[in-house]
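**Q** Quick one: this structure, given as structure tokens, is what I'll be asking you about.
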Amino acid sequence: MKKYYKYLILCLLLSFSLIIPSAHAAVGYTYSHSGEPIYSTVGLAPAAGGIYTVISDAWTSPSNETLQASQFTSPNDLFIYTEYDPAGVGTDIIYIVDAVSNLLFVFDGNMRYQYKVANYEILPENFTDDELIKMKTAFVDNNKNVTSISFTDYLAKKGMTLVDFRAIAQIPYAMRTPAQKFYLSPNALSGVYRNVRPAKNPDGTIIRGVFQDLLYLSDKSNNQIVIVDAKTYQVVQVVSSPTDISFSGKVFLPVKLVTDVAGRIFVISEGVYEGIMQMSYEGNFSSFVGVNYVSLTFWELFWRRFMTDEQLAQTETILNTIFTSLTIDEEGFIYATSRAVGTNAGAMIKRINPSGKDVLTRNGYSVPMGDLTYIRTGTNVALRGPSRFSAVTVNDYGVYTIADEKSGRLFSYDDEGNLLYISGGRGNELTNLNTPIAIRYQGENILALDKEKQSVIRFEPTDIAVSINKAVRYHYIGNLVASSEEWKNVVHQNPNYEYAYVGIGKSLLNEGRYLEAMSYFQTGYSVDYYSKAYKLYRDEQVNRYFTPVMSVILVGVAAWMGYKLYRKIKFGKDEDEGGEEWWITMKP
């Protein structure tokens with residue numbers, strides 16, 4: 001009996017491991033149509049030689065400058081920008097910013113270190129006095145303490161005034177001495193983004209065909225966004241703390257940002273819970289977008305009515321939205337992740353249109369929310385509750401990947417909200433992802449910046465993910481036949497991959513093979529598509545048989561009516577009438 005008990009306990013432990021995936025377990029699971037975790041093939045895996053740290057050979061610049069570990073202690077953001085030559089050949093440039101050393105590191109597309117930038121030159125001829133007065137820069141005192149001071153105070157420490165500074169504008173740039181050149185130094189550099197925008201005349205009109213190639217830097221503790229030329233690193237514009245009345249009482253602490261083709265800036269500011277800040281080309285605050293409105297339960301509202309002011313102050317603050325990351329796709333839609341108090345976990349991922357509305361499609365087996373099954377109670381707070389998203393990236397055919405800082409996993413979804421695969425995971429190995437702070441697509445690969453390990457990991461798709469990506473891409477461009485063939489490859493590699501059957505069914509549905517499509521939709525547990533296929537099949541059958549069936553019925557009715565007419569003409573009465581008279585004559 002003891003032997004059987006051992007087997008029983010072993011089975012229970014195995015079944016429990018299937019129900020709640022451990023935060024430290026190896027990747028290789030997904031979720032079924034019913035939301036149950038099941039083992040699956042890994043989607044993205046660290047590439048061979050794809051781990052980059054300060055001890056990497058690749059992190060020595062062409063001039064033999066080595067990236068120092070002391071300068072790379074708090075990497076906070078990563079961005080990939082592709083430059084195209086006149087022939088249309090693209091070259092990737094990778095930027096990483098560090099929030100402690102306040103350095104901008106520049107790498108090539110293979111993560112080979114090129115150089116770093118510490119500060120950014122500001123030319124007096126490019127700014128007005130009002131603009132200069134609002135600017136801030138970092139200042140290091142004799143005790144190595146870093147503080148933020150105004151640019152005018154910075155000039156004063158050099159024994160200059162704004163008048164003296166502006167007088168330098170009369171000196172040709174090539175003739176200025178090093179002492180006549182001035183720089184802004186960031187403080188808590190938190191975000192980096194590169195994009196082009198149309199150039200404008202001084203009167204604000206757009207110069208057609210002329211664009212500015214700019215690098216945007218979130219200068220958090222200086223309460224500003226520094227916009228510099230992407231080639232010269234000279235300051236082009238500084239966006240200071242908004243003065244709009246709707247921003248009154250708030251502190252501007254920009255951490256992440258993106259821009260659109262028109263030059264509008266979308267900013268996540270730490271401590272601002274109303275939503276993502278939308279700012280104009282000129283840097284003026286416009287509005288908040290993507291707001292999550294908190295909805296309290298009946299009992300929360302009921303008990304709060306009886307709380308004193310002291311009790312309310314001690315309860316958890318009810319906040320609207322805490323956004324954690326954002327990116328923008330080629331169509332100008334913003335993908336953003338948030339962490340909110342009291343809101344539905346299914347709203348933590350948003351796709352925000354130019355009007356500021358969430359238009360994310362959620363047609364998968366469950367809404368995109370990372371892990372569906374998680375530990376709800378326990379002493380380890382870090383493992384409790386739903387996923388905590390820290391980064392998001394999207395590719396050119398609608399697949400977006402979300403990083404979960406709690407589990408170190410990457411969740412990839414297609415443009416309809418279907419979970420494609422799960423990758424990554426926490427651990428002590430170099431290939432593990434412990435604190436993903438930024439992720440970016442580079443072709444089919446993903447570069448992930450791990451803040452805790454001060455490293456960059458290159459993830460590449462496994463064989464099954466290659467087929468999945470091809471199937472999704474073909475479906476995105478409307479080639480359902482090619483998509484179906486790739487989904488068949490996925491089924492061959494993993495017969496338990498339910499969504500592949502749905503993909504095959506879509507192609508059959510498009511070809512008008514409704515019965516076969518219904519079979520695949522049933523296997524893939526897609527109720528909506530099964531209903532659609534059934535309706536089309538029913539309509540097809542009705543259209544096919546309606547005419548002959550109705551023709552037979554009409555011929556039958558016509559024949560019967562003709563027979564009735566014949567009887568009436570021949571006998572002067574029909575059979576019913578004769579029968580009725582016969583019955584009357586038979587009565588006693």
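Residues are referred to by chain and number: the chain letter is A, B, ... according to the order shown in the structure tokens, the number counts from 1 in that chain, and ligands are numbered separately from 1 in the order shown.
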Please list as a ChimeraX atom specification every residue within 8 Å of Leu78 of chain A, counting only C-alpha atoms and excluding residues in the same chain fewer than 3 positions away.
**A** /A:94-97,191-192,438-440,449
**Q** What lies within 10 Å of Glu330 of chain A using only C-alpha atoms, ignoring chain neighbours under 5 positions off, as a PDB file with C-alpha atoms, in the first residue's frame?
**A**
```
ATOM      1  CA  ASP A 260       4.770  59.803 -34.551  1.00  0.00           C
ATOM      2  CA  VAL A 261       5.517  60.938 -38.105  1.00  0.00           C
ATOM      3  CA  VAL A 394       5.616  45.101 -32.141  1.00  0.00           C
ATOM      4  CA  ASN A 395       6.824  43.925 -35.553  1.00  0.00           C
ATOM      5  CA  ASP A 396       5.734  44.884 -39.057  1.00  0.00           C
ATOM      6  CA  TYR A 397       2.939  42.307 -39.360  1.00  0.00           C
ATOM      7  CA  GLY A 398       1.086  42.931 -36.145  1.00  0.00           C
TER       8      GLY A 398
END
```
**Q** Show which residues sit within 9 Å of Asn418 of chain A, as a PyMOL selection string. Count only C-alpha atoms, and ignore same-chain residues fewer than 6 positions away.
**A** chain A and resi 362-368+412+499
**Q** Which one of A:Lys157, A:Arg513, A:Lys250, A:Lys506 sits closest to Asp528 of chain A if you count only C-alpha atoms?
**A** A:Lys506
**Q** Give the strand (DSSP E) residues of segment 370-473 of chain A, as assigned by DSSP on the backbone, as an MDAnalysis selection string.
**A** chainID A and resid 389:394 400:404 409:413 419:424 436:442 445:450 455:461
**Q** Quick one: distance from atom CA of Val272 of chain A to atom CA of Val289 of chain A in Å, one decimal?
**A**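 Rounded to one decimal, the two atoms are 12.0 Å apart.
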**Q** Please provide as a list in words all residues within 8 Å of Pro436 of chain A, with the sequence filter that same-chain residues fewer than 4 positions apart are discarded (counting only C-alpha atoms).
**A** Ser390, Ala391, Ala403, Asp404, Glu405, Gly408, Ala448, Leu449, Asp450 and Lys451 of chain A
**Q** With C-alpha atoms retained, could you export that selection as a compact mmCIF listing (two decimals), in the first residue's frame?
**A**
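The resulting out_17.txt:
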```txt
# COMPACT_ATOMS: atom_id res chain seq x y z
CA SER A 390 7.47 46.11 -18.12
CA ALA A 391 8.10 46.30 -21.87
CA ALA A 403 7.75 41.26 -21.19
CA ASP A 404 6.63 40.16 -17.73
CA GLU A 405 9.04 41.44 -15.08
CA GLY A 408 10.92 37.05 -16.81
CA ALA A 448 15.88 42.11 -24.47
CA LEU A 449 17.61 44.42 -22.00
CA ASP A 450 17.93 42.87 -18.53
CA LYS A 451 18.36 45.59 -15.92
```
**Q** In Å to one decimal, how far is atom CA of Ala500 of chain A from atom CA of Ala533 of chain A?
**A**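 Value for the atom CA of Ala533 of chain A-atom CA of Ala500 of chain A distance: 16.7 Å.
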**Q** Within 10 Å of Pro75 of chain A, counting only C-alpha atoms, which residues qualify if same-chain residues fewer than 2 places away don't, as number ranges by chain?
**A** A: 71-73, 77-78, 96-105, 189-191, 437-438, 449-456
**Q** Please identify which residues in segment 225-303 of chain A DSSP calls helix (DSSP H, G or I) from the backbone, and express them as a PyMOL selection string.
**A** chain A and resi 245-247+298-303
**Q** Just want the 8 Å neighbourhood of segment 520-522 of chain A, counted on only C-alpha atoms, with same-chain residues fewer than 3 positions away dropped. Output as a VMD selection string.
**A** chain A and resid 501 to 502 504 to 505 516 to 517 525 to 527 529 to 530
